[in-house]
file work-v5.txt (compact mmCIF, C-alpha atoms)
# COMPACT_ATOMS: atom_id res chain seq x y z
CA ASP W 1 -16.04 16.56 1.01
CA ALA W 2 -14.19 18.43 3.74
CA GLY W 3 -12.72 15.29 5.27
CA VAL W 4 -12.25 15.18 9.04
CA THR W 5 -12.31 18.64 10.60
CA GLN W 6 -11.15 19.63 14.07
CA SER W 7 -11.46 22.79 16.11
CA PRO W 8 -9.74 24.76 17.35
CA THR W 9 -6.42 24.40 15.54
CA HIS W 10 -4.42 25.73 18.47
CA LEU W 11 -5.22 26.24 22.12
CA ILE W 12 -3.31 27.48 25.16
CA LYS W 13 -4.49 26.63 28.67
CA THR W 14 -3.03 26.73 32.16
CA ARG W 15 -2.62 23.88 34.61
CA GLY W 16 -5.83 22.85 36.34
CA GLN W 17 -8.12 24.18 33.64
CA GLN W 18 -10.49 22.14 31.54
CA VAL W 19 -10.55 21.93 27.73
CA THR W 20 -13.00 20.72 25.08
CA LEU W 21 -11.86 19.77 21.60
CA ARG W 22 -14.24 19.12 18.72
CA CYS W 23 -14.26 16.83 15.72
CA SER W 24 -16.54 16.47 12.71
CA PRO W 25 -16.08 13.16 10.90
CA LYS W 26 -15.76 12.65 7.20
CA SER W 27 -19.12 12.53 5.41
CA GLY W 28 -20.66 9.06 5.71
CA HIS W 29 -18.52 8.04 8.69
CA ASP W 30 -20.10 7.02 11.99
CA THR W 31 -17.13 6.02 14.16
CA VAL W 32 -14.75 8.49 15.78
CA SER W 33 -11.48 7.83 17.55
CA TRP W 34 -9.23 10.22 19.46
CA TYR W 35 -5.44 10.09 19.73
CA GLN W 36 -2.82 12.04 21.67
CA GLN W 37 0.54 12.68 20.03
CA ALA W 38 3.35 14.03 22.18
CA LEU W 39 6.28 15.69 20.47
CA GLY W 40 8.53 13.16 18.75
CA GLN W 41 6.22 10.23 19.49
CA GLY W 42 3.63 8.30 17.51
CA PRO W 43 -0.06 8.92 18.22
CA GLN W 44 -1.52 7.09 21.24
CA PHE W 45 -5.11 5.84 21.18
CA ILE W 46 -7.40 7.49 23.74
CA PHE W 47 -10.84 6.07 22.92
CA GLN W 48 -13.29 5.18 20.17
CA TYR W 49 -16.97 6.17 19.88
CA TYR W 50 -19.67 4.41 17.93
CA GLU W 51 -23.45 4.82 18.26
CA GLU W 52 -22.82 7.54 20.85
CA GLU W 53 -21.06 5.12 23.19
CA GLU W 54 -17.43 4.66 24.15
CA ARG W 55 -16.50 1.28 22.66
CA GLN W 56 -12.78 1.04 23.37
CA ARG W 57 -10.42 2.93 25.61
CA GLY W 58 -6.67 3.21 25.74
CA ASN W 59 -4.50 3.68 28.80
CA PHE W 60 -5.66 7.18 29.73
CA PRO W 61 -7.01 8.42 33.08
CA ASP W 62 -10.62 9.36 33.72
CA ARG W 63 -9.69 13.02 33.28
CA PHE W 64 -10.06 12.25 29.60
CA SER W 65 -13.69 11.87 28.59
CA GLY W 66 -15.63 12.13 25.40
CA HIS W 67 -18.98 12.34 23.77
CA GLN W 68 -20.47 11.52 20.41
CA PHE W 69 -23.55 13.30 19.12
CA PRO W 70 -26.39 11.96 16.95
CA ASN W 71 -24.80 13.61 13.90
CA TYR W 72 -21.62 11.55 14.64
CA SER W 73 -19.52 14.55 15.62
CA SER W 74 -17.51 14.17 18.79
CA GLU W 75 -15.93 16.07 21.65
CA LEU W 76 -12.88 15.27 23.74
CA ASN W 77 -12.84 16.76 27.23
CA VAL W 78 -9.79 16.91 29.46
CA ASN W 79 -10.17 18.03 33.08
CA ALA W 80 -7.54 19.24 35.55
CA LEU W 81 -4.96 19.84 32.85
CA LEU W 82 -1.34 18.89 33.51
CA LEU W 83 1.77 20.14 31.77
CA GLY W 84 2.14 16.63 30.30
CA ASP W 85 -1.17 16.98 28.48
CA SER W 86 0.50 19.33 26.03
CA ALA W 87 0.28 17.49 22.71
CA LEU W 88 -1.33 17.28 19.30
CA TYR W 89 -4.80 15.77 19.64
CA LEU W 90 -5.95 13.90 16.59
CA CYS W 91 -9.40 12.75 15.60
CA ALA W 92 -9.92 9.88 13.16
CA SER W 93 -13.17 8.76 11.59
CA SER W 94 -14.32 5.56 9.92
CA ARG W 95 -17.50 3.90 8.75
CA ASP W 96 -18.35 0.87 10.81
CA THR W 97 -18.42 -2.40 8.88
CA SER W 98 -16.67 -0.77 5.94
CA GLY W 99 -13.38 -2.34 6.96
CA ARG W 100 -11.62 0.67 5.54
CA SER W 101 -8.80 2.41 7.33
CA PRO W 102 -9.54 5.47 9.46
CA PHE W 103 -9.10 9.00 8.11
CA PHE W 104 -7.32 11.49 10.34
CA GLY W 105 -7.97 15.16 10.85
CA PRO W 106 -5.23 17.80 11.06
CA GLY W 107 -5.30 17.85 14.85
CA THR W 108 -5.57 20.42 17.62
CA ARG W 109 -2.33 21.60 19.19
CA LEU W 110 -2.86 22.00 22.94
CA THR W 111 -0.28 23.80 25.03
CA VAL W 112 -0.61 23.71 28.82
CA LEU W 113 1.37 26.36 30.71
CA ASP S 114 -1.57 -5.58 20.55
CA ALA S 115 0.96 -7.17 18.24
CA LYS S 116 4.13 -5.11 17.95
CA THR S 117 5.97 -3.84 14.88
CA THR S 118 9.65 -2.94 14.53
CA GLN S 119 10.88 -0.33 12.07
CA PRO S 120 14.21 1.44 11.54
CA ASN S 121 14.30 4.87 13.16
CA SER S 122 15.35 6.62 9.97
CA MET S 123 16.14 6.08 6.29
CA GLU S 124 17.46 8.27 3.54
CA SER S 125 16.78 8.25 -0.16
CA ASN S 126 17.47 10.29 -3.26
CA GLU S 127 14.74 11.89 -5.31
CA GLU S 128 13.30 9.74 -8.12
CA GLU S 129 14.85 6.58 -6.70
CA PRO S 130 12.83 3.67 -5.24
CA VAL S 131 12.53 3.39 -1.47
CA HIS S 132 11.96 0.18 0.46
CA LEU S 133 10.75 0.71 4.02
CA PRO S 134 10.90 -2.50 6.10
CA CYS S 135 8.70 -3.57 8.99
CA ASN S 136 8.99 -6.64 11.21
CA HIS S 137 5.91 -8.06 12.94
CA SER S 138 6.86 -11.54 14.12
CA THR S 139 3.89 -11.83 16.54
CA ILE S 140 1.24 -11.02 13.94
CA SER S 141 -1.99 -12.98 14.29
CA GLY S 142 -4.01 -14.50 11.47
CA THR S 143 -6.63 -11.75 11.63
CA ASP S 144 -4.27 -8.76 11.75
CA TYR S 145 -4.18 -6.50 8.74
CA ILE S 146 -0.93 -4.65 7.99
CA HIS S 147 -1.49 -0.92 7.60
CA TRP S 148 0.88 1.84 6.58
CA TYR S 149 0.31 5.47 7.38
CA ARG S 150 2.58 8.45 6.90
CA GLN S 151 2.69 11.76 8.67
CA LEU S 152 4.03 14.91 7.12
CA PRO S 153 5.22 17.70 9.42
CA SER S 154 2.38 19.50 11.20
CA GLN S 155 -0.29 17.23 9.70
CA GLY S 156 -2.38 14.28 10.82
CA PRO S 157 -1.43 10.77 9.69
CA GLU S 158 -2.37 9.90 6.12
CA TYR S 159 -3.41 6.41 5.01
CA VAL S 160 -1.00 4.89 2.50
CA ILE S 161 -1.90 1.24 1.99
CA HIS S 162 -2.95 -1.93 3.77
CA GLY S 163 -3.05 -5.67 3.15
CA LEU S 164 -3.63 -9.06 4.72
CA THR S 165 -1.71 -11.72 2.84
CA SER S 166 -1.22 -10.78 -0.80
CA ASN S 167 0.92 -7.96 -2.15
CA VAL S 168 -1.04 -4.77 -2.78
CA ASN S 169 -0.60 -1.85 -5.13
CA ASN S 170 -2.25 1.55 -5.23
CA ARG S 171 -1.46 4.95 -6.68
CA MET S 172 0.74 5.88 -3.73
CA ALA S 173 2.80 2.77 -3.08
CA SER S 174 3.13 -1.01 -3.09
CA LEU S 175 3.03 -3.33 -0.12
CA ALA S 176 5.03 -6.54 -0.24
CA ILE S 177 4.09 -9.07 2.46
CA ALA S 178 6.34 -11.99 3.33
CA GLU S 179 4.88 -15.45 2.86
CA ASP S 180 4.93 -16.11 6.63
CA ARG S 181 3.52 -12.57 7.22
CA LYS S 182 6.19 -11.84 9.82
CA SER S 183 7.53 -8.93 7.83
CA SER S 184 6.44 -6.51 5.15
CA THR S 185 7.95 -3.78 2.99
CA LEU S 186 6.42 -0.54 1.83
CA ILE S 187 7.74 0.40 -1.59
CA LEU S 188 7.70 3.93 -2.96
CA HIS S 189 8.59 3.47 -6.61
CA ARG S 190 10.00 6.95 -7.23
CA ALA S 191 10.56 9.07 -4.16
CA THR S 192 9.78 12.77 -4.36
CA LEU S 193 10.53 15.54 -1.89
CA ARG S 194 6.84 15.41 -0.90
CA ASP S 195 7.35 11.84 0.34
CA ALA S 196 9.58 13.02 3.18
CA ALA S 197 7.61 12.03 6.28
CA VAL S 198 7.40 9.62 9.20
CA TYR S 199 6.09 6.25 8.00
CA TYR S 200 4.22 4.03 10.44
CA CYS S 201 3.65 0.30 10.07
CA ILE S 202 0.62 -0.78 12.13
CA LEU S 203 -1.24 -4.03 12.74
CA ARG S 204 -5.01 -3.91 13.13
CA ASP S 205 -7.51 -6.65 13.85
CA PRO S 206 -10.79 -5.24 12.47
CA ARG S 207 -12.96 -7.35 14.75
CA GLY S 208 -14.47 -5.55 17.69
CA SER S 209 -17.32 -5.86 20.14
CA GLY S 210 -20.15 -3.43 19.53
CA GLY S 211 -18.79 -2.02 16.31
CA SER S 212 -15.64 -2.67 14.35
CA ASN S 213 -12.25 -2.10 15.91
CA TYR S 214 -10.54 0.95 14.49
CA LYS S 215 -7.84 1.26 17.15
CA LEU S 216 -4.42 1.83 15.63
CA THR S 217 -1.33 1.22 17.77
CA PHE S 218 1.46 3.47 16.49
CA GLY S 219 5.14 3.00 17.21
CA LYS S 220 7.72 5.68 16.52
CA GLY S 221 7.84 4.95 12.81
CA THR S 222 10.60 5.54 10.26
CA LEU S 223 11.63 9.07 9.42
CA LEU S 224 12.24 9.15 5.67
CA THR S 225 14.51 11.88 4.34
CA VAL S 226 14.53 12.47 0.58
CA ASN S 227 17.53 14.24 -0.87
CA PRO S 228 17.14 16.38 -4.02
call {"tool": "encode", "arguments": {"input": "work-v5.txt", "output": "structure tokens"}}
result
Amino acid sequence: DAGVTQSPTHLIKTRGQQVTLRCSPKSGHDTVSWYQQALGQGPQFIFQYYEEEERQRGNFPDRFSGHQFPNYSSELNVNALLLGDSALYLCASSRDTSGRSPFFGPGTRLTVL
Amino acid sequence: DAKTTQPNSMESNEEEPVHLPCNHSTISGTDYIHWYRQLPSQGPEYVIHGLTSNVNNRMASLAIAEDRKSSTLILHRATLRDAAVYYCILRDPRGSGGSNYKLTFGKGTLLTVNP
């Protein structure tokens, strides 16, 4: 079992551009959550997807959007990038109704210049 | 979201026990107490969780106060590989349209282990 995988591992963009990050959940998991972790801070919840729908959302602007596919994988899209969007973006997966704690991927490091 | 309070940093010596405290005075009856740790340049790693009773697993033990307003993560013999940021998190698993898996992280406790 490969666990939660994310791609790419690193990414450099410039202000105003758009970015798409990808996540494959752990085998058997159907729920995906995304987090943003700025340097020196704890991860901040962006949103959670289940059954291809956004179920919960944190305090992030509409520039942050996502998608979940029938195979449970997910994408995080960020439009009109700002310097402050530079962070480690983490994906976590879980199996609904399992009650078990989410598993995290290694993250994608996004740098906005 | 109920809030947790942890010390910013703690230091330990290798092969000694470590007790990492967490205060959560506003915890609700349905909140589970979770601990995650994050090693440098990695995603958070699940350590342990509990509701009311003390819990043990291969990584650590979780001691929960009787009033549930505080808890302590216990590493029985710290190793250099245990050096990480440890996060204490409360989670209510109930959600609408699927379970709630939102985790609200604070800044955590940076654990340094001395050889």
call {"tool": "residues_around", "arguments": {"input": "work-v5.txt", "residues": "Leu39 (chain W)", "least_positions_apart": "4", "cutoff": "12 Å", "atoms": "all atoms listed in the file", "output": "list in words"}}
result
Pro43, Gln44, Gly84, Asp85, Ser86, Ala87, Leu88, Tyr89, Arg109, Leu110 and Thr111 of chain W; Pro153, Ser154 and Lys220 of chain S
call {"tool": "interface_residues", "arguments": {"input": "work-v5.txt", "of": "chain S", "to": "chain W", "cutoff": "9 Å", "atoms": "only C-alpha atoms", "output": "PyMOL selection string"}}
result
chain S and resi 147+154-159+161-162+200+206+208-221
call {"tool": "atom_distance", "arguments": {"input": "work-v5.txt", "atom1": "CA of Thr225 (chain S)", "atom2": "CA of Asp195 (chain S)"}}
result
8.2 Å
call {"tool": "atom_distance", "arguments": {"input": "work-v5.txt", "atom1": "CA of Ile187 (chain S)", "atom2": "CA of Gln119 (chain S)"}}
result
14.0 Å
call {"tool": "closest_residue", "arguments": {"input": "work-v5.txt", "among": "S:Cys135, S:Leu164, S:Met123, S:Ala197", "to": "Thr185 (chain S)", "atoms": "all atoms listed in the file"}}
result
S:Cys135
call {"tool": "atom_distance", "arguments": {"input": "work-v5.txt", "atom1": "CA of Gly3 (chain W)", "atom2": "CA of Asn59 (chain W)"}}
result
27.5 Å
call {"tool": "residues_near_point", "arguments": {"input": "work-v5.txt", "point": "(14.2, -5.0, 10.7)", "cutoff": "9 Å", "atoms": "all atoms listed in the file", "output": "number ranges by chain"}}
result
S: 118-120, 134-136, 183
call {"tool": "build_atoms", "arguments": {"input": "work-v5.txt", "residues": "region 125-136 of chain S", "atoms": "N, CA, C and O atoms", "output": "PDB file, in the coordinates of the input"}}
result
ATOM      1  N   SER S 125      16.887   8.620   1.231  1.00  0.00           N
ATOM      2  CA  SER S 125      16.780   8.250  -0.160  1.00  0.00           C
ATOM      3  C   SER S 125      17.063   9.459  -1.028  1.00  0.00           C
ATOM      4  O   SER S 125      17.031  10.605  -0.542  1.00  0.00           O
ATOM      5  N   ASN S 126      17.315   9.202  -2.307  1.00  0.00           N
ATOM      6  CA  ASN S 126      17.470  10.290  -3.260  1.00  0.00           C
ATOM      7  C   ASN S 126      16.200  10.411  -4.096  1.00  0.00           C
ATOM      8  O   ASN S 126      15.493   9.422  -4.345  1.00  0.00           O
ATOM      9  N   GLU S 127      15.933  11.624  -4.512  1.00  0.00           N
ATOM     10  CA  GLU S 127      14.740  11.890  -5.310  1.00  0.00           C
ATOM     11  C   GLU S 127      14.738  11.035  -6.580  1.00  0.00           C
ATOM     12  O   GLU S 127      15.787  10.795  -7.189  1.00  0.00           O
ATOM     13  N   GLU S 128      13.546  10.549  -6.926  1.00  0.00           N
ATOM     14  CA  GLU S 128      13.300   9.740  -8.120  1.00  0.00           C
ATOM     15  C   GLU S 128      13.888   8.336  -8.048  1.00  0.00           C
ATOM     16  O   GLU S 128      13.829   7.601  -9.033  1.00  0.00           O
ATOM     17  N   GLU S 129      14.394   7.946  -6.893  1.00  0.00           N
ATOM     18  CA  GLU S 129      14.850   6.580  -6.700  1.00  0.00           C
ATOM     19  C   GLU S 129      13.809   5.795  -5.898  1.00  0.00           C
ATOM     20  O   GLU S 129      13.037   6.383  -5.140  1.00  0.00           O
ATOM     21  N   PRO S 130      13.777   4.461  -6.041  1.00  0.00           N
ATOM     22  CA  PRO S 130      12.830   3.670  -5.240  1.00  0.00           C
ATOM     23  C   PRO S 130      13.274   3.626  -3.777  1.00  0.00           C
ATOM     24  O   PRO S 130      14.464   3.716  -3.463  1.00  0.00           O
ATOM     25  N   VAL S 131      12.283   3.488  -2.901  1.00  0.00           N
ATOM     26  CA  VAL S 131      12.530   3.390  -1.470  1.00  0.00           C
ATOM     27  C   VAL S 131      11.809   2.160  -0.941  1.00  0.00           C
ATOM     28  O   VAL S 131      10.630   1.934  -1.257  1.00  0.00           O
ATOM     29  N   HIS S 132      12.539   1.375  -0.154  1.00  0.00           N
ATOM     30  CA  HIS S 132      11.960   0.180   0.460  1.00  0.00           C
ATOM     31  C   HIS S 132      12.003   0.367   1.973  1.00  0.00           C
ATOM     32  O   HIS S 132      13.070   0.373   2.584  1.00  0.00           O
ATOM     33  N   LEU S 133      10.841   0.498   2.577  1.00  0.00           N
ATOM     34  CA  LEU S 133      10.750   0.710   4.020  1.00  0.00           C
ATOM     35  C   LEU S 133      10.328  -0.608   4.674  1.00  0.00           C
ATOM     36  O   LEU S 133       9.220  -1.095   4.468  1.00  0.00           O
ATOM     37  N   PRO S 134      11.206  -1.196   5.511  1.00  0.00           N
ATOM     38  CA  PRO S 134      10.900  -2.500   6.100  1.00  0.00           C
ATOM     39  C   PRO S 134      10.127  -2.399   7.408  1.00  0.00           C
ATOM     40  O   PRO S 134      10.188  -1.384   8.110  1.00  0.00           O
ATOM     41  N   CYS S 135       9.413  -3.475   7.717  1.00  0.00           N
ATOM     42  CA  CYS S 135       8.700  -3.570   8.990  1.00  0.00           C
ATOM     43  C   CYS S 135       8.672  -5.040   9.409  1.00  0.00           C
ATOM     44  O   CYS S 135       8.319  -5.913   8.614  1.00  0.00           O
ATOM     45  N   ASN S 136       9.072  -5.293  10.659  1.00  0.00           N
ATOM     46  CA  ASN S 136       8.990  -6.640  11.210  1.00  0.00           C
ATOM     47  C   ASN S 136       7.820  -6.750  12.164  1.00  0.00           C
ATOM     48  O   ASN S 136       7.606  -5.856  12.989  1.00  0.00           O
TER      49      ASN S 136
END
